[in-house]
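A.B. asks: Following this line is protein-v2.cif, made up of mmCIF, C-alpha atoms:
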data_structure
#
loop_
_atom_site.label_atom_id
_atom_site.label_comp_id
_atom_site.auth_asym_id
_atom_site.auth_seq_id
_atom_site.Cartn_x
_atom_site.Cartn_y
_atom_site.Cartn_z
CA MET W 1 -34.95 -55.26 14.23
CA TRP W 2 -33.99 -56.60 17.66
CA GLU W 3 -37.53 -57.88 18.25
CA SER W 4 -37.48 -59.64 14.87
CA HIS W 5 -34.13 -61.24 15.68
CA ARG W 6 -35.41 -62.38 19.07
CA ALA W 7 -38.57 -63.83 17.51
CA GLY W 8 -36.44 -65.65 14.94
CA ARG W 9 -34.29 -67.22 17.65
CA ILE W 10 -37.37 -68.35 19.60
CA PHE W 11 -38.94 -69.85 16.48
CA ALA W 12 -35.67 -71.59 15.57
CA ALA W 13 -35.37 -72.98 19.10
CA ILE W 14 -38.89 -74.41 18.94
CA ILE W 15 -38.26 -76.08 15.58
CA ALA W 16 -34.90 -77.47 16.73
CA GLY W 17 -36.44 -78.75 19.96
CA CYS W 18 -39.23 -80.49 18.06
CA ALA W 19 -36.72 -82.07 15.69
CA TRP W 20 -34.43 -83.36 18.44
CA LEU W 21 -37.39 -84.73 20.40
CA ALA W 22 -38.91 -86.52 17.40
CA LEU W 23 -35.56 -87.92 16.28
CA THR W 24 -34.86 -89.26 19.77
CA ILE W 25 -38.28 -90.89 20.05
CA GLN W 26 -37.99 -92.50 16.63
CA LEU W 27 -34.46 -93.72 17.32
CA THR W 28 -35.58 -95.31 20.59
CA PHE W 29 -38.42 -97.14 18.85
CA ASN W 30 -36.16 -98.32 16.03
CA VAL W 31 -33.54 -99.74 18.38
CA GLU W 32 -36.09 -101.37 20.68
CA HIS W 33 -37.96 -102.88 17.73
CA GLY W 34 -34.70 -104.18 16.32
CA LEU W 35 -33.64 -105.76 19.62
CA ALA W 36 -37.03 -107.47 19.90
CA ARG W 37 -36.35 -109.09 16.52
CA GLY W 38 -32.76 -109.96 17.36
CA VAL W 39 -31.27 -107.19 15.21
CA PRO W 40 -27.97 -105.74 16.53
CA VAL W 41 -28.04 -102.12 17.66
CA LEU W 42 -25.48 -101.13 15.02
CA SER W 43 -27.69 -102.51 12.25
CA SER W 44 -30.69 -100.62 13.63
CA LEU W 45 -28.64 -97.41 13.73
CA ILE W 46 -27.52 -97.84 10.12
CA THR W 47 -31.11 -98.43 9.04
CA TYR W 48 -32.30 -95.43 11.05
CA PHE W 49 -29.79 -93.11 9.40
CA SER W 50 -30.61 -94.49 5.95
CA PHE W 51 -33.92 -92.63 5.73
CA PHE W 52 -34.00 -89.29 3.90
CA THR W 53 -36.54 -88.07 6.45
CA ILE W 54 -34.24 -88.77 9.38
CA ILE W 55 -31.13 -87.29 7.79
CA THR W 56 -32.93 -84.15 6.66
CA ASN W 57 -34.62 -83.52 10.00
CA LEU W 58 -31.30 -84.14 11.73
CA VAL W 59 -29.59 -81.53 9.56
CA VAL W 60 -32.40 -79.08 10.33
CA ALA W 61 -31.87 -79.68 14.04
CA ILE W 62 -28.09 -79.31 13.77
CA ILE W 63 -28.14 -76.14 11.66
CA LEU W 64 -30.69 -74.39 13.84
CA THR W 65 -28.90 -75.44 17.02
CA VAL W 66 -25.57 -74.20 15.68
CA SER W 67 -27.10 -70.91 14.55
CA LEU W 68 -28.49 -70.42 18.06
CA THR W 69 -25.46 -71.49 20.09
CA ALA W 70 -22.44 -70.80 17.88
CA PRO W 71 -23.42 -68.71 14.83
CA ASP W 72 -19.78 -68.00 13.91
CA TRP W 73 -18.64 -71.61 14.31
CA SER W 74 -18.90 -72.38 10.63
CA ARG W 75 -19.62 -70.23 7.61
CA PHE W 76 -21.17 -73.24 5.86
CA TRP W 77 -23.68 -74.04 8.58
CA SER W 78 -24.84 -70.44 8.85
CA HIS W 79 -24.88 -69.59 5.14
CA ALA W 80 -28.29 -68.53 3.80
CA SER W 81 -27.90 -70.88 0.82
CA THR W 82 -27.48 -73.87 3.14
CA LYS W 83 -30.54 -72.92 5.17
CA SER W 84 -32.47 -72.32 1.95
CA ALA W 85 -31.52 -75.73 0.53
CA LEU W 86 -33.04 -77.26 3.64
CA VAL W 87 -36.39 -75.72 2.73
CA VAL W 88 -36.38 -77.73 -0.50
CA TYR W 89 -35.37 -80.95 1.24
CA ILE W 90 -37.82 -80.71 4.13
CA VAL W 91 -40.74 -79.73 1.87
CA ILE W 92 -40.00 -82.81 -0.25
CA VAL W 93 -39.99 -84.89 2.95
CA GLY W 94 -43.44 -83.67 3.95
CA SER W 95 -44.93 -83.79 0.46
CA VAL W 96 -43.70 -87.28 -0.43
CA TYR W 97 -44.85 -88.66 2.91
CA ALA W 98 -48.31 -87.12 2.53
CA LEU W 99 -48.75 -88.30 -1.07
CA LEU W 100 -46.98 -91.67 -1.17
CA LEU W 101 -46.15 -93.04 2.27
CA ARG W 102 -48.62 -92.04 4.97
CA HIS W 103 -51.06 -94.81 4.08
CA LEU W 104 -48.40 -97.53 4.42
CA TRP W 105 -48.39 -97.61 8.23
CA ASN W 106 -50.33 -96.45 11.25
CA PRO W 107 -48.04 -95.52 14.16
CA GLN W 108 -49.54 -95.17 17.63
CA GLY W 109 -48.75 -93.29 20.82
CA LEU W 110 -45.39 -91.58 21.08
CA GLN W 111 -44.32 -92.93 17.69
CA ARG W 112 -47.31 -91.24 16.07
CA PHE W 113 -46.35 -88.02 17.87
CA ALA W 114 -42.82 -88.27 16.47
CA ASP W 115 -44.22 -89.09 13.04
CA ILE W 116 -46.33 -85.93 13.03
CA LEU W 117 -43.38 -83.80 14.10
CA LEU W 118 -41.02 -85.24 11.47
CA HIS W 119 -43.43 -85.28 8.54
CA ASP W 120 -45.88 -82.45 9.25
CA VAL W 121 -44.80 -79.94 11.87
CA ILE W 122 -41.19 -79.41 10.80
CA PRO W 123 -41.87 -79.50 7.02
CA LEU W 124 -44.43 -76.73 7.61
CA SER W 125 -42.66 -74.66 10.26
CA TYR W 126 -39.13 -74.59 8.81
CA PRO W 127 -40.20 -72.97 5.48
CA LEU W 128 -42.11 -70.37 7.50
CA TYR W 129 -38.95 -69.72 9.53
CA TRP W 130 -36.99 -69.29 6.28
CA LEU W 131 -39.59 -66.96 4.82
CA ALA W 132 -39.77 -64.75 7.90
CA PHE W 133 -36.24 -64.70 9.28
CA ILE W 134 -33.59 -65.69 6.71
CA SER W 135 -31.91 -62.82 4.82
CA LYS W 136 -33.18 -62.51 1.27
CA GLY W 137 -31.47 -61.50 -1.97
CA VAL W 138 -28.39 -63.73 -1.58
CA LEU W 139 -29.44 -66.80 -3.54
CA ARG W 140 -28.17 -67.45 -7.08
CA TRP W 141 -29.96 -69.22 -9.91
CA ILE W 142 -27.15 -71.80 -9.91
CA ASP W 143 -27.87 -72.75 -6.29
CA PRO W 144 -30.74 -75.18 -7.02
CA LEU W 145 -28.39 -77.24 -9.19
CA LEU W 146 -25.86 -77.40 -6.34
CA TRP W 147 -28.64 -78.41 -3.95
CA LEU W 148 -29.18 -81.56 -6.03
CA ILE W 149 -25.88 -83.01 -4.77
CA TYR W 150 -27.42 -84.22 -1.51
CA PRO W 151 -30.39 -86.12 -3.00
CA VAL W 152 -28.16 -87.60 -5.73
CA ILE W 153 -25.65 -88.89 -3.16
CA TYR W 154 -28.50 -90.23 -1.04
CA PHE W 155 -30.00 -92.04 -4.03
CA ILE W 156 -26.68 -93.65 -4.95
CA TYR W 157 -26.09 -94.69 -1.33
CA SER W 158 -29.57 -96.21 -1.08
CA LEU W 159 -29.07 -98.26 -4.24
CA LEU W 160 -25.62 -99.48 -3.17
CA ARG W 161 -26.79 -100.39 0.33
CA GLY W 162 -29.87 -102.08 -1.09
CA ALA W 163 -27.77 -104.13 -3.48
CA PHE W 164 -25.71 -105.45 -0.54
CA VAL W 165 -28.35 -105.95 2.16
CA GLY W 166 -31.53 -106.22 0.10
CA LEU W 167 -33.27 -103.41 1.98
CA TYR W 168 -34.48 -100.14 0.47
CA PRO W 169 -35.79 -97.29 2.65
CA TYR W 170 -38.70 -96.38 0.36
CA PRO W 171 -40.89 -98.43 -1.99
CA PHE W 172 -40.33 -96.10 -4.96
CA ILE W 173 -36.60 -96.93 -4.97
CA ASP W 174 -37.01 -100.65 -4.29
CA VAL W 175 -35.04 -102.17 -7.15
CA ALA W 176 -36.03 -105.71 -6.20
CA THR W 177 -39.69 -104.87 -6.80
CA LEU W 178 -39.62 -102.23 -9.53
CA GLY W 179 -36.38 -102.86 -11.42
CA TYR W 180 -33.68 -100.36 -12.34
CA GLU W 181 -35.51 -98.82 -15.30
CA ARG W 182 -38.51 -97.79 -13.19
CA ILE W 183 -36.24 -96.66 -10.35
CA LEU W 184 -34.24 -94.40 -12.65
CA ILE W 185 -37.45 -92.86 -13.98
CA ASN W 186 -38.60 -92.24 -10.41
CA ALA W 187 -35.23 -90.70 -9.57
CA LEU W 188 -35.47 -88.36 -12.56
CA MET W 189 -38.95 -87.27 -11.51
CA PHE W 190 -37.68 -86.53 -8.01
CA LEU W 191 -34.73 -84.54 -9.37
CA VAL W 192 -37.13 -82.44 -11.44
CA ALA W 193 -39.20 -81.83 -8.29
CA PHE W 194 -36.10 -80.85 -6.28
CA LEU W 195 -34.90 -78.54 -9.04
CA GLY W 196 -38.30 -76.97 -9.66
CA LEU W 197 -38.84 -76.28 -5.98
CA GLY W 198 -35.33 -74.86 -5.70
CA LEU W 199 -35.90 -72.48 -8.60
CA LEU W 200 -39.19 -71.38 -7.04
CA LEU W 201 -37.37 -70.68 -3.79
CA VAL W 202 -34.79 -68.51 -5.57
CA ALA W 203 -37.61 -66.60 -7.27
CA ILE W 204 -39.28 -66.02 -3.89
CA ASP W 205 -35.91 -64.94 -2.44
CA HIS W 206 -35.39 -62.37 -5.20
CA ALA W 207 -38.97 -61.09 -5.00
CA ALA W 208 -38.75 -60.70 -1.22
CA ALA W 209 -35.42 -58.86 -1.54
CA ALA W 210 -36.86 -56.47 -4.13
CA ARG W 211 -39.59 -55.47 -1.67
CA GLN W 212 -37.10 -54.62 1.07
CA PRO W 213 -35.96 -51.00 1.51
CA LYS W 214 -32.62 -50.31 -0.16
CA GLN W 215 -30.94 -49.66 3.18
CA THR W 216 -32.10 -53.04 4.48
CA ARG W 217 -30.75 -54.85 1.43
CA LEU W 218 -27.38 -53.11 1.75
CA ALA W 219 -27.18 -53.95 5.45
CA ALA W 220 -28.15 -57.61 5.03
CA GLN W 221 -25.31 -60.04 5.57
CA PRO W 222 -25.27 -63.14 3.30
CA ASN W 223 -24.28 -65.41 6.19
CA SER W 224 -26.75 -64.07 8.71
CA ASP W 225 -30.38 -64.67 9.54
CA LYS W 226 -30.71 -61.56 11.60
#
Once more with this new file: its structure as structure tokens, please.
C.D. replies:
Amino acid sequence: MWESHRAGRIFAAIIAGCAWLALTIQLTFNVEHGLARGVPVLSSLITYFSFFTIITNLVVAIILTVSLTAPDWSRFWSHASTKSALVVYIVIVGSVYALLLRHLWNPQGLQRFADILLHDVIPLSYPLYWLAFISKGVLRWIDPLLWLIYPVIYFIYSLLRGAFVGLYPYPFIDVATLGYERILINALMFLVAFLGLGLLLVAIDHAAAARQPKQTRLAAQPNSDK
């Protein structure tokens, strides 16, 4: 058990380190690119934090860092449901980028390195971390519906910001190009994907818990990843 806990902490530290490194690199490029075009730093920061990819990877970094350095600091940050919701979000990040966005640009050098970390390495490694080290048997079938709150709020924010500044973070929610009817259809399709993936995660959680010895299930703490 101790060896498993130690391995989990090492794996979490590696993922968190990759996330912080990639986020820092991407932020530096965004600000420098903005300054070269005469864009104020504040505007570049707002744009940077308006991407679902950035926000989600940032939350992954924060949650894993908190779980490593101050696991009792907040019940919310350490709750298995919160860490499980992140699996859904980060898998969507990787999948959408691979299917819809990768062909739209060709980053080079350090920016390409950050791109790979944010869209490939972390979306693959964090679900593996969840599968191997997060306590199972604590998720409820209602949880995937609650997990939709984040993408819904993000969608509303993106539309409101886009209406004011005329910029949309992703082409599939670009109202100026596609119109509201198409955007709402896209949003519904994404919600179905979020919900379906969430339900699959709960099913995996329950199946994994059923395979654990009874003593292990009784000893498992809902707010622990030990």
A.B. asks: List the residues selected by the PyMOL selection byres ((chain W and resi 124-140) around 6) in the file shown, writing them as a list in words.
C.D. replies: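 Applying the expression gives Gly8, Val87, Val121, Ile122, Pro123, Trp141, Ile142, Asp143, Val202, Asp205, His206, Ala209, Pro222 and Asp225 of chain W.
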A.B. asks: Excluding segment 93-100 of chain W and its own-chain neighbours fewer than 3 positions away, which residues fall within 7 Å of it when counting all atoms listed in the file? Please give them as a ChimeraX atom specification.
C.D. replies: /W:53,89-90,119-120,123
A.B. asks: Which residues are near segment 185-200 of chain W? Cut-off 7 Å, all atoms listed in the file, ignore same chain within fewer than 5 positions. Put them as a list in words.
C.D. replies: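 In the requested form, the answer reads Val88, Trp141, Pro144, Leu145, Leu148 and Phe172 of chain W.
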A.B. asks: Step by step, work through what the PyMOL selection byres ((chain W and resi 158) around 9) selects in the shown file, and finish by giving those residues as a list in words.
C.D. replies: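 Checking the PyMOL selection byres ((chain W and resi 158) around 9) against this file, the residues are Ser50, Phe51, Ile153, Tyr154, Phe155, Ile156, Tyr157, Leu159, Leu160, Arg161, Gly162, Ala163, Leu167, Tyr168, Pro169 and Ile173 of chain W.
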A.B. asks: Do you have the atom CA of Ala12 of chain W-atom CA of His79 of chain W distance handy?
C.D. replies: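 Value for the atom CA of Ala12 of chain W-atom CA of His79 of chain W distance: 15.1 Å.
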A.B. asks: To one decimal place, how far is atom CA of Val91 of chain W from atom CA of Glu32 of chain W in Å?
C.D. replies: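 Taking atom CA of Val91 of chain W as the start and atom CA of Glu32 of chain W as the end point, the length is 29.0 Å.
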A.B. asks: Let me know the residues the PyMOL selection byres ((chain W and resi 65) around 10) catches in the file above, as a list in words.
C.D. replies: Arg9, Ala12, Ala13, Ile15, Ala16, Gly17, Trp20, Val59, Val60, Ala61, Ile62, Ile63, Leu64, Val66, Ser67, Leu68, Thr69, Ala70 and Pro71 of chain W
A.B. asks: Please report the interatomic distance between atom CA of Asn30 of chain W and atom CA of Leu117 of chain W in Å with one decimal.
C.D. replies: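 That distance, rounded to one decimal, is 16.3 Å.
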A.B. asks: Using all atoms listed in the file, determine which residues lie at most 10 Å from Val31 of chain W, disregarding the query and same-chain residues fewer than 5 positions distant; provide the list as a PyMOL selection string.
C.D. replies: chain W and resi 26+36-37+39-45+47-48
A.B. asks: Please produce a file of the residues just selected, as a PDB file, in the coordinates of the input, where the atoms kept are C-alpha atoms.
C.D. replies:
ATOM      1  CA  GLN W  26     -37.990 -92.500  16.630  1.00  0.00           C
ATOM      2  CA  ALA W  36     -37.030-107.470  19.900  1.00  0.00           C
ATOM      3  CA  ARG W  37     -36.350-109.090  16.520  1.00  0.00           C
ATOM      4  CA  VAL W  39     -31.270-107.190  15.210  1.00  0.00           C
ATOM      5  CA  PRO W  40     -27.970-105.740  16.530  1.00  0.00           C
ATOM      6  CA  VAL W  41     -28.040-102.120  17.660  1.00  0.00           C
ATOM      7  CA  LEU W  42     -25.480-101.130  15.020  1.00  0.00           C
ATOM      8  CA  SER W  43     -27.690-102.510  12.250  1.00  0.00           C
ATOM      9  CA  SER W  44     -30.690-100.620  13.630  1.00  0.00           C
ATOM     10  CA  LEU W  45     -28.640 -97.410  13.730  1.00  0.00           C
ATOM     11  CA  THR W  47     -31.110 -98.430   9.040  1.00  0.00           C
ATOM     12  CA  TYR W  48     -32.300 -95.430  11.050  1.00  0.00           C
TER      13      TYR W  48
END
A.B. asks: Excluding Phe113 of chain W and any residue of its chain fewer than 3 positions from it, enumerate the residues within 10 Å of it, using only C-alpha atoms, and give them as a ChimeraX atom specification.
C.D. replies: /W:21-22,25-26,107-110,116-118
A.B. asks: Quick one: of W:Leu23, W:Ile46, W:Leu101, W:Ile204, who's nearest to Leu58 of chain W, counting only C-alpha atoms?
C.D. replies: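 Answer, going by the shortest atom-to-atom distance: W:Leu23.
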A.B. asks: Taking into account all atoms listed in the file, which residue in the set W:Gln212, W:Leu178, W:Cys18, W:Leu201 is nearest to Trp147 of chain W?
C.D. replies: W:Leu201
A.B. asks: Supply segment 152-175 of chain W as a PDB file, in the coordinates of the input, with N, CA and C atoms built in where the input has gaps.
C.D. replies:
ATOM      1  N   VAL W 152     -28.835 -86.670  -4.823  1.00  0.00           N
ATOM      2  CA  VAL W 152     -28.160 -87.600  -5.730  1.00  0.00           C
ATOM      3  C   VAL W 152     -27.280 -88.567  -4.941  1.00  0.00           C
ATOM      4  N   ILE W 153     -26.494 -88.036  -3.998  1.00  0.00           N
ATOM      5  CA  ILE W 153     -25.650 -88.890  -3.160  1.00  0.00           C
ATOM      6  C   ILE W 153     -26.507 -89.852  -2.345  1.00  0.00           C
ATOM      7  N   TYR W 154     -27.611 -89.361  -1.816  1.00  0.00           N
ATOM      8  CA  TYR W 154     -28.500 -90.230  -1.040  1.00  0.00           C
ATOM      9  C   TYR W 154     -29.055 -91.354  -1.904  1.00  0.00           C
ATOM     10  N   PHE W 155     -29.453 -91.037  -3.122  1.00  0.00           N
ATOM     11  CA  PHE W 155     -30.000 -92.040  -4.030  1.00  0.00           C
ATOM     12  C   PHE W 155     -28.962 -93.117  -4.347  1.00  0.00           C
ATOM     13  N   ILE W 156     -27.751 -92.698  -4.641  1.00  0.00           N
ATOM     14  CA  ILE W 156     -26.680 -93.650  -4.950  1.00  0.00           C
ATOM     15  C   ILE W 156     -26.397 -94.534  -3.739  1.00  0.00           C
ATOM     16  N   TYR W 157     -26.319 -93.911  -2.556  1.00  0.00           N
ATOM     17  CA  TYR W 157     -26.090 -94.690  -1.330  1.00  0.00           C
ATOM     18  C   TYR W 157     -27.190 -95.710  -1.108  1.00  0.00           C
ATOM     19  N   SER W 158     -28.439 -95.304  -1.304  1.00  0.00           N
ATOM     20  CA  SER W 158     -29.570 -96.210  -1.080  1.00  0.00           C
ATOM     21  C   SER W 158     -29.524 -97.401  -2.019  1.00  0.00           C
ATOM     22  N   LEU W 159     -29.149 -97.165  -3.284  1.00  0.00           N
ATOM     23  CA  LEU W 159     -29.070 -98.260  -4.240  1.00  0.00           C
ATOM     24  C   LEU W 159     -27.912 -99.207  -3.894  1.00  0.00           C
ATOM     25  N   LEU W 160     -26.773 -98.637  -3.522  1.00  0.00           N
ATOM     26  CA  LEU W 160     -25.620 -99.480  -3.170  1.00  0.00           C
ATOM     27  C   LEU W 160     -25.910-100.292  -1.921  1.00  0.00           C
ATOM     28  N   ARG W 161     -26.466 -99.654  -0.902  1.00  0.00           N
ATOM     29  CA  ARG W 161     -26.790-100.390   0.330  1.00  0.00           C
ATOM     30  C   ARG W 161     -27.838-101.458   0.039  1.00  0.00           C
ATOM     31  N   GLY W 162     -28.837-101.116  -0.760  1.00  0.00           N
ATOM     32  CA  GLY W 162     -29.870-102.080  -1.090  1.00  0.00           C
ATOM     33  C   GLY W 162     -29.331-103.278  -1.833  1.00  0.00           C
ATOM     34  N   ALA W 163     -28.355-103.029  -2.724  1.00  0.00           N
ATOM     35  CA  ALA W 163     -27.770-104.130  -3.480  1.00  0.00           C
ATOM     36  C   ALA W 163     -27.033-105.103  -2.571  1.00  0.00           C
ATOM     37  N   PHE W 164     -26.478-104.598  -1.462  1.00  0.00           N
ATOM     38  CA  PHE W 164     -25.710-105.450  -0.540  1.00  0.00           C
ATOM     39  C   PHE W 164     -26.588-106.130   0.508  1.00  0.00           C
ATOM     40  N   VAL W 165     -27.557-105.395   1.047  1.00  0.00           N
ATOM     41  CA  VAL W 165     -28.350-105.950   2.160  1.00  0.00           C
ATOM     42  C   VAL W 165     -29.770-106.301   1.756  1.00  0.00           C
ATOM     43  N   GLY W 166     -30.184-105.890   0.561  1.00  0.00           N
ATOM     44  CA  GLY W 166     -31.530-106.220   0.100  1.00  0.00           C
ATOM     45  C   GLY W 166     -32.635-105.402   0.717  1.00  0.00           C
ATOM     46  N   LEU W 167     -32.277-104.273   1.354  1.00  0.00           N
ATOM     47  CA  LEU W 167     -33.270-103.410   1.980  1.00  0.00           C
ATOM     48  C   LEU W 167     -33.219-102.017   1.366  1.00  0.00           C
ATOM     49  N   TYR W 168     -34.379-101.480   1.039  1.00  0.00           N
ATOM     50  CA  TYR W 168     -34.480-100.140   0.470  1.00  0.00           C
ATOM     51  C   TYR W 168     -35.405 -99.313   1.373  1.00  0.00           C
ATOM     52  N   PRO W 169     -35.031 -98.075   1.672  1.00  0.00           N
ATOM     53  CA  PRO W 169     -35.790 -97.290   2.650  1.00  0.00           C
ATOM     54  C   PRO W 169     -37.188 -96.897   2.194  1.00  0.00           C
ATOM     55  N   TYR W 170     -37.399 -96.805   0.874  1.00  0.00           N
ATOM     56  CA  TYR W 170     -38.700 -96.380   0.360  1.00  0.00           C
ATOM     57  C   TYR W 170     -39.132 -97.265  -0.803  1.00  0.00           C
ATOM     58  N   PRO W 171     -40.427 -97.536  -0.934  1.00  0.00           N
ATOM     59  CA  PRO W 171     -40.890 -98.430  -1.990  1.00  0.00           C
ATOM     60  C   PRO W 171     -40.622 -97.933  -3.406  1.00  0.00           C
ATOM     61  N   PHE W 172     -40.539 -96.624  -3.597  1.00  0.00           N
ATOM     62  CA  PHE W 172     -40.330 -96.100  -4.960  1.00  0.00           C
ATOM     63  C   PHE W 172     -38.873 -96.176  -5.407  1.00  0.00           C
ATOM     64  N   ILE W 173     -37.975 -96.660  -4.524  1.00  0.00           N
ATOM     65  CA  ILE W 173     -36.600 -96.930  -4.970  1.00  0.00           C
ATOM     66  C   ILE W 173     -36.220 -98.384  -4.671  1.00  0.00           C
ATOM     67  N   ASP W 174     -37.232 -99.224  -4.546  1.00  0.00           N
ATOM     68  CA  ASP W 174     -37.010-100.650  -4.290  1.00  0.00           C
ATOM     69  C   ASP W 174     -36.723-101.364  -5.605  1.00  0.00           C
ATOM     70  N   VAL W 175     -35.453-101.558  -5.899  1.00  0.00           N
ATOM     71  CA  VAL W 175     -35.040-102.170  -7.150  1.00  0.00           C
ATOM     72  C   VAL W 175     -35.566-103.598  -7.274  1.00  0.00           C
TER      73      VAL W 175
END
